[in-house]
$ cat final_11.txt   # compact mmCIF, C-alpha atoms
# COMPACT_ATOMS: atom_id res chain seq x y z
CA MET N 1 159.53 91.98 111.17
CA VAL N 2 157.92 95.19 109.93
CA SER N 3 160.71 97.28 108.48
CA THR N 4 159.69 99.89 105.91
CA GLU N 5 157.43 102.87 106.47
CA TYR N 6 154.92 101.31 104.07
CA GLU N 7 154.89 98.10 106.10
CA ARG N 8 154.39 100.08 109.32
CA GLU N 9 151.40 101.91 107.83
CA ILE N 10 149.82 98.68 106.62
CA ALA N 11 150.47 97.00 109.99
CA ALA N 12 148.60 99.84 111.73
CA ARG N 13 145.56 99.11 109.53
CA PHE N 14 145.50 95.50 110.74
CA ALA N 15 143.33 96.49 113.74
CA THR N 16 140.47 97.43 111.42
CA PHE N 17 140.06 93.75 110.58
CA ASP N 18 140.99 92.32 114.01
CA GLN N 19 137.53 93.02 115.43
CA ASP N 20 138.07 91.14 118.70
CA GLY N 21 141.62 92.41 119.26
CA ASN N 22 143.11 88.94 119.77
CA GLY N 23 146.12 89.61 117.53
CA TYR N 24 144.99 87.82 114.39
CA ILE N 25 142.29 88.04 111.74
CA ASP N 26 140.01 85.08 111.18
CA ARG N 27 136.55 84.24 109.89
CA ALA N 28 135.03 85.26 113.24
CA ASP N 29 136.31 88.81 112.75
CA PHE N 30 134.52 89.09 109.41
CA ASN N 31 131.34 87.67 110.94
CA ALA N 32 131.64 90.11 113.86
CA ALA N 33 131.98 93.03 111.43
CA ALA N 34 128.86 91.88 109.57
CA LYS N 35 126.93 91.44 112.83
CA ALA N 36 127.97 94.91 114.05
CA LEU N 37 126.96 96.51 110.76
CA LEU N 38 123.56 94.80 110.85
CA ALA N 39 123.03 95.98 114.43
CA GLU N 40 124.04 99.56 113.58
CA PHE N 41 121.41 99.75 110.84
CA ALA N 42 118.81 97.50 112.55
CA VAL N 43 118.76 95.02 109.67
CA PRO N 44 117.83 91.43 110.60
CA ALA N 45 120.53 88.82 109.96
CA ARG N 46 117.98 86.52 108.32
CA SER N 47 116.82 89.14 105.85
CA ASP N 48 118.03 89.09 102.26
CA LYS N 49 120.33 92.03 103.01
CA GLY N 50 121.66 90.33 106.13
CA GLN N 51 122.34 87.09 104.31
CA ALA N 52 124.05 88.95 101.47
CA LEU N 53 126.26 90.73 103.99
CA TYR N 54 127.28 87.46 105.66
CA ALA N 55 127.96 85.91 102.24
CA GLY N 56 130.05 88.96 101.32
CA ALA N 57 131.94 88.69 104.61
CA GLU N 58 132.70 85.03 103.91
CA ALA N 59 133.90 85.81 100.38
CA PHE N 60 136.06 88.63 101.76
CA TRP N 61 137.52 86.30 104.42
CA GLN N 62 138.26 83.61 101.82
CA GLY N 63 139.99 86.15 99.58
CA MET N 64 142.04 87.58 102.43
CA ALA N 65 143.02 84.11 103.64
CA GLY N 66 144.06 83.17 100.12
CA ILE N 67 146.31 86.20 99.91
CA ALA N 68 147.74 86.37 103.41
CA ASP N 69 147.32 83.11 105.39
CA ARG N 70 150.72 81.70 104.45
CA ASP N 71 150.75 78.82 106.97
CA GLY N 72 147.16 77.71 106.29
CA ASP N 73 146.03 77.84 109.93
CA GLN N 74 142.87 79.86 109.07
CA ARG N 75 144.25 82.87 110.95
CA ILE N 76 146.11 85.87 109.59
CA THR N 77 148.75 87.31 111.88
CA ARG N 78 149.87 90.94 111.66
CA GLU N 79 153.06 89.74 109.93
CA GLU N 80 151.08 87.69 107.40
CA PHE N 81 148.78 90.67 106.79
CA VAL N 82 151.69 92.99 106.14
CA THR N 83 153.51 90.44 103.99
CA GLY N 84 150.35 89.73 102.00
CA ALA N 85 149.77 93.43 101.40
CA VAL N 86 153.37 94.14 100.49
CA LYS N 87 154.03 91.17 98.26
CA ARG N 88 150.68 90.64 96.61
CA LEU N 89 148.64 93.81 96.75
CA ARG N 90 150.88 96.85 96.76
CA ASP N 91 151.32 96.84 93.00
CA ASN N 92 147.78 95.64 92.32
CA PRO N 93 145.20 97.16 94.68
CA ASP N 94 142.50 96.17 92.18
CA SER N 95 142.80 92.55 93.29
CA PHE N 96 142.07 93.63 96.88
CA ALA N 97 139.13 95.68 95.64
CA GLU N 98 137.67 92.63 93.93
CA ILE N 99 137.81 90.44 97.04
CA ALA N 100 136.25 93.25 99.11
CA ARG N 101 133.56 94.19 96.55
CA PRO N 102 130.84 91.65 97.56
CA PHE N 103 131.09 92.69 101.20
CA LEU N 104 131.15 96.41 100.42
CA HIS N 105 128.24 96.06 97.99
CA ALA N 106 126.18 94.30 100.66
CA ALA N 107 127.28 96.84 103.30
CA LEU N 108 125.92 99.65 101.14
CA ALA N 109 122.58 97.84 100.88
CA VAL N 110 122.46 97.35 104.65
CA ALA N 111 123.20 101.05 105.13
CA GLY N 112 120.15 101.91 103.05
CA ALA N 113 121.50 102.43 99.56
CA ASP N 114 119.14 104.15 97.16
CA ALA N 115 118.13 102.78 93.75
CA ASP N 116 121.52 103.88 92.39
CA GLY N 117 123.35 101.95 95.13
CA ARG N 118 124.47 105.09 96.95
CA ILE N 119 124.27 106.12 100.61
CA GLY N 120 124.50 109.47 102.33
CA VAL N 121 127.66 110.86 103.85
CA ALA N 122 126.19 110.49 107.37
CA ASP N 123 125.52 106.79 106.80
CA THR N 124 129.04 106.39 105.45
CA VAL N 125 130.32 107.81 108.74
CA ARG N 126 128.18 105.26 110.60
CA VAL N 127 129.60 102.39 108.53
CA LEU N 128 133.15 103.56 109.20
CA GLY N 129 132.35 103.84 112.89
CA VAL N 130 131.46 100.15 112.97
CA PHE N 131 135.04 99.50 111.87
CA ARG N 132 136.36 101.62 114.75
CA VAL N 133 137.35 104.58 112.61
CA PRO N 134 137.31 107.64 114.90
CA GLU N 135 134.34 109.88 114.15
CA GLU N 136 136.32 112.91 112.98
CA THR N 137 138.45 110.73 110.70
CA ALA N 138 135.30 109.05 109.40
CA ARG N 139 133.70 112.44 108.67
CA ARG N 140 136.75 113.62 106.73
CA ALA N 141 136.95 110.34 104.81
CA ALA N 142 133.25 110.36 103.93
CA ALA N 143 133.44 113.98 102.77
CA ALA N 144 136.46 113.15 100.60
CA LEU N 145 134.59 110.22 99.05
CA ASP N 146 131.76 112.52 97.98
CA THR N 147 133.77 113.75 95.01
CA ASP N 148 130.83 115.42 93.24
CA GLY N 149 129.51 117.08 96.40
CA ASP N 150 125.97 115.71 96.10
CA GLY N 151 125.99 114.15 99.57
CA ARG N 152 125.79 110.58 98.20
CA ILE N 153 128.53 107.94 97.99
CA GLY N 154 128.39 104.73 95.98
CA GLU N 155 130.32 101.60 95.23
CA THR N 156 132.35 103.29 92.50
CA GLU N 157 133.85 105.62 95.13
CA ILE N 158 134.00 103.26 98.12
CA VAL N 159 135.56 100.13 96.63
CA PRO N 160 138.69 101.75 95.15
CA ALA N 161 139.13 104.01 98.20
CA PHE N 162 138.89 100.99 100.51
CA ALA N 163 141.47 99.12 98.44
CA ARG N 164 143.83 102.09 98.39
CA TYR N 165 143.56 102.50 102.17
CA PHE N 166 144.71 98.94 102.80
CA THR N 167 147.30 98.67 100.05
CA VAL N 168 148.76 102.11 99.36
CA PRO N 169 150.64 104.22 101.91
CA ALA N 170 148.98 107.47 102.94

$ encode --input "final_11.txt" --output "structure tokens"
Amino acid sequence: MVSTEYEREIAARFATFDQDGNGYIDRADFNAAAKALLAEFAVPARSDKGQALYAGAEAFWQGMAGIADRDGDQRITREEFVTGAVKRLRDNPDSFAEIARPFLHAALAVAGADADGRIGVADTVRVLGVFRVPEETARRAAAALDTDGDGRIGETEIVPAFARYFTVPA
């Protein structure tokens, strides 16, 4: 049962991962996210970038399952997600960042990262849109990530922000 305000906030973020809306997170949700991102940026799945994204999605799924799939059924329920975040990640968002990093790194490449591994604010909004973040919210988030105001966002901004979003109350 979700009881604290923190747990309620984390539970609301569950839908970001539950791509098909079936009430649990599984490997298929991570694959669906990768597929949607590839489609958004017209990157072929069999390309190096596409394969890296799928590998990152698998690593992310494995890390999430290791943290949250308490009954070992290869599905993470909302309760398991909240419990995993509360008990294992709240005091250490860096561990969440590390399991997300391969996927986020590959997502930046798919979104057209430059030689420095950075993408524009507009492309960041597109990436967030794939994860069903409302456009206005995505615009505000992308603008906030551009801490130096140069219109470019890289892994050093995205990975910790992503981890904070899923592990730290707003």

$ closest_residue --input "final_11.txt" --among "N:Arg13, N:Arg8, N:Arg140, N:Arg152" --to "Gly117 (chain N)" --atoms "only C-alpha atoms"
N:Arg152

$ residues_around --input "final_11.txt" --residues "Asp26 (chain N)" --least-positions-apart "4" --cutoff "9 Å" --atoms "all atoms listed in the file" --output "list in words"
Phe17, Asp18, Phe30, Trp61, Ala65, Gln74, Arg75 and Ile76 of chain N

$ axis_aligned_box --input "final_11.txt" --around "region 16-25 of chain N" --padding-each-side "5 Å" --output "lines of an AutoDock Vina configuration file"
center_x = 141.8
center_y = 92.6
center_z = 115.2
size_x = 18.6
size_y = 19.6
size_z = 19.2

$ residues_around --input "final_11.txt" --residues "Ala115 (chain N)" --least-positions-apart "5" --cutoff "12 Å" --atoms "all atoms listed in the file" --output "count of residues only"
4

$ residues_around --input "final_11.txt" --residues "region 31-44 of chain N" --least-positions-apart "4" --cutoff "8 Å" --atoms "all atoms listed in the file" --output "list in words"
Gln19, Arg27, Lys49, Gly50, Leu53, Tyr54, Ala57, Glu58, Ala107, Val110, Ala111, Arg126, Val127, Val130 and Phe131 of chain N

$ write_last_selection --input "final_11.txt" --atoms "C-alpha atoms" --output "tab-separated table (two decimals), keeping the file's coordinate frame"
chain	number	residue	atom	x	y	z
N	19	GLN	CA	137.53	93.02	115.43
N	27	ARG	CA	136.55	84.24	109.89
N	49	LYS	CA	120.33	92.03	103.01
N	50	GLY	CA	121.66	90.33	106.13
N	53	LEU	CA	126.26	90.73	103.99
N	54	TYR	CA	127.28	87.46	105.66
N	57	ALA	CA	131.94	88.69	104.61
N	58	GLU	CA	132.70	85.03	103.91
N	107	ALA	CA	127.28	96.84	103.30
N	110	VAL	CA	122.46	97.35	104.65
N	111	ALA	CA	123.20	101.05	105.13
N	126	ARG	CA	128.18	105.26	110.60
N	127	VAL	CA	129.60	102.39	108.53
N	130	VAL	CA	131.46	100.15	112.97
N	131	PHE	CA	135.04	99.50	111.87

$ closest_residue --input "final_11.txt" --among "N:Ala28, N:Ala97, N:Ala52, N:Ala163" --to "Ile10 (chain N)" --atoms "all atoms listed in the file"
N:Ala163

$ closest_residue --input "final_11.txt" --among "N:Arg132, N:Val82, N:Arg139, N:Phe162" --to "Glu5 (chain N)" --atoms "only C-alpha atoms"
N:Val82

$ closest_residue --input "final_11.txt" --among "N:Phe14, N:Phe103, N:Tyr6, N:Phe96" --to "Gln51 (chain N)" --atoms "only C-alpha atoms"
N:Phe103

$ residues_around --input "final_11.txt" --residues "Ala68 (chain N)" --least-positions-apart "6" --cutoff "6 Å" --atoms "all atoms listed in the file" --output "PyMOL selection string"
chain N and resi 80-81+84

$ residues_near_point --input "final_11.txt" --point "(141.1, 109.6, 101.7)" --cutoff "7 Å" --atoms "all atoms listed in the file" --output "ChimeraX atom specification"
/N:141,144,161

$ residues_near_point --input "final_11.txt" --point "(124.7, 105.1, 98.1)" --cutoff "12 Å" --atoms "all atoms listed in the file" --output "PyMOL selection string"
chain N and resi 104-124+127+142+145-146+150-158

$ atom_distance --input "final_11.txt" --atom1 "CA of Asp48 (chain N)" --atom2 "CA of Pro102 (chain N)"
13.9 Å

$ atom_distance --input "final_11.txt" --atom1 "CA of Gly56 (chain N)" --atom2 "CA of Asp148 (chain N)"
27.7 Å

$ atom_distance --input "final_11.txt" --atom1 "CA of Ala59 (chain N)" --atom2 "CA of Thr83 (chain N)"
20.5 Å
